[in-house]
Each structure stands twice: as structure tokens, then as C-alpha cells.
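Worksheet: the structure to be examined is printed underneath.
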Amino acid sequence: MDEMLALGSQVLASQPFSQLLGARLTEFAPGKATITIPITDQLMQQNGYVHGGVISYAADNALTFAGGAVLGTAVLTSEFKINYVAPATGELLIARAVVIHAGKRQAVCRCDVFSGIAGQEALCAVAQGTITRVGNQAEGGSQNRANS
């Protein structure tokens with residue numbers, strides 16, 4: 001595991017809600033992040049699909065990690081929008097986020113969320129958000145404190 005992914009994984013592990021969901025950071029590089037969540041019965045809604053709040057969490061946190069990978073350690077989501085395009089089913093949620101544009105204090109990011117089993121993913125949601133640097137942190141950096 002490279003140093004950046006190891007650091008990001010420590011940050012994710014420090015988030016109690018992420019622990020509750022079993023979230024893992026599987027990719028973390030400048031301008032991109034991937035978070036995976038195993039789909040369990042506890043994450044389902046009444047119709048047998050993954051609850052929209054879980055999908056929203058995955059998109060929000062992946063967006064924040066991607067933005068933090070270019071803005072530095074102290075970042076927050078200032079806004080995001082999500083479109084659910086299909087019900088999420090299967091064994092795994094995969095949220096892949098990339099930075100579309102970054103300035104000195106904020107980054108606009110996009111995230112595609114997939115569900116399914118290994119090798120057979122289906123798009124279930126698309127999100128876009130703005131990640132903002134907070135405090136007096138030095139500009140740039142590759143670390144992230146994804147406080148979503």
C-alpha cells in the first residue's frame with residue numbers, strides 16, 4: 001500500500017460512521033479516490049435495495065477524499081447533488097470520485113457510484129459536489145481529513 005493510500009485509510013478508519021458501514025478506501029491518489037462498502041442486510045431499505053442514505057454517504061465521502069487529495073488535510077463538503085439512476089443491489093458499493101477543477105480553496109468533484117459483484121458493476125448514482133478547504137492550512141497537499 002502506498003503512503004498516500006495508507007494515510008487516507010487511517011483517516012477513513014478514524015470516522016466512526018465509516019467503521020459502522022465497513023467502508024474501505026481502495027484508491028487514493030492526487031485528484032481521485034475510491035471507497036467501497038460491503039452490502040449487508042443492515043444497509044437495505046424495505047424494498048430490498050441499498051438505502052439511499054448509504055449511497056449518498058459513499059458519494060459524499062469519496063468526493064471529499066478526492067478534493068482533499070488536491071486541497072490538503074482540512075476539507076469539508078460545502079455542497080453536493082446526487083442523482084439515483086438505478087437501485088443498488090449485489091455485494092458491494094463502489095464510489096469513484098475525481099476532481100473536475102481545483103482552485104486554491106475549493107475543488108469541484110464528480111462521483112459515480114456502482115453496485116454489484118466483482119467484475120459486474122452497474123451504475124446506481126451520479127454525484128457532483130464542491131469540497132472546501134477550511135482554516136489556515138497551507139495551500140495544496142496530498143493528505144485528507146474527510147470530515148463529511
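Order determines the names: the first chain of the C-alpha cells is A, the second B, and so forth; residues in each chain are numbered 1 upward, and ligands are numbered 1 upward as they are shown.
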Which residues of stretch 6-49 of chain A come within 9 Å of stretch 105-126 of chain A, and for each one, what is the closest pair of atoms and their distance in Å to one decimal, counting only C-alpha atoms, sorted by chain and residue number, as JSON lines?
{"residue": "A:Gly31", "atom": "CA", "partner": "A:Cys109", "partner_atom": "CA", "distance": 8.7}
{"residue": "A:Lys32", "atom": "CA", "partner": "A:Cys109", "partner_atom": "CA", "distance": 8.9}
{"residue": "A:Ile39", "atom": "CA", "partner": "A:Ser115", "partner_atom": "CA", "distance": 8.7}
DSSP alpha helix (DSSP H) residues within stretch 28-78 of chain A, listed as a PyMOL selection string: chain A and resi 52-71
Closest of A:Val98, A:Leu92, A:Val50, A:Ala66 to A:Pro38 - atom-to-atom distances counting only C-alpha atoms: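 Smallest distance to A:Pro38 is found for A:Leu92.
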What are the closest atom pairs, with distances in Å to one decimal, for all residues of stretch 20-135 of chain A lying within 10 Å of stretch 10-15 of chain A? Consider only C-alpha atoms, order rows by chain and residue number, and present the result as JSON lines.
{"residue": "A:Leu20", "atom": "CA", "partner": "A:Gln15", "partner_atom": "CA", "distance": 8.8}
{"residue": "A:Gly22", "atom": "CA", "partner": "A:Ala13", "partner_atom": "CA", "distance": 9.2}
{"residue": "A:Ala23", "atom": "CA", "partner": "A:Leu12", "partner_atom": "CA", "distance": 7.8}
{"residue": "A:Arg24", "atom": "CA", "partner": "A:Leu12", "partner_atom": "CA", "distance": 7.3}
{"residue": "A:Leu25", "atom": "CA", "partner": "A:Leu12", "partner_atom": "CA", "distance": 7.1}
{"residue": "A:Ile35", "atom": "CA", "partner": "A:Leu12", "partner_atom": "CA", "distance": 9.4}
{"residue": "A:Asn61", "atom": "CA", "partner": "A:Leu12", "partner_atom": "CA", "distance": 9.0}
{"residue": "A:Phe65", "atom": "CA", "partner": "A:Leu12", "partner_atom": "CA", "distance": 9.2}
{"residue": "A:Thr73", "atom": "CA", "partner": "A:Val11", "partner_atom": "CA", "distance": 9.8}
Counting only C-alpha atoms, the residue among A:Ala97, A:Ala33, A:Leu5, A:Ala74 that lies closest to A:Arg133 is A:Ala74
How many Å lie between atom CA of A:Pro30 and atom CA of A:Ala69, rounded to one decimal? 5.0 Å
Please determine, counting only C-alpha atoms, which residue among A:Ile131, A:Ile82, A:Ala95, A:Val70 has the shortest atom-to-atom distance to A:Glu27. A:Ala95
May I ask which of the residues A:Ala58, A:Gly68, A:Ala88, A:Leu63 is the closest one to A:Met4, counting only C-alpha atoms? A:Gly68
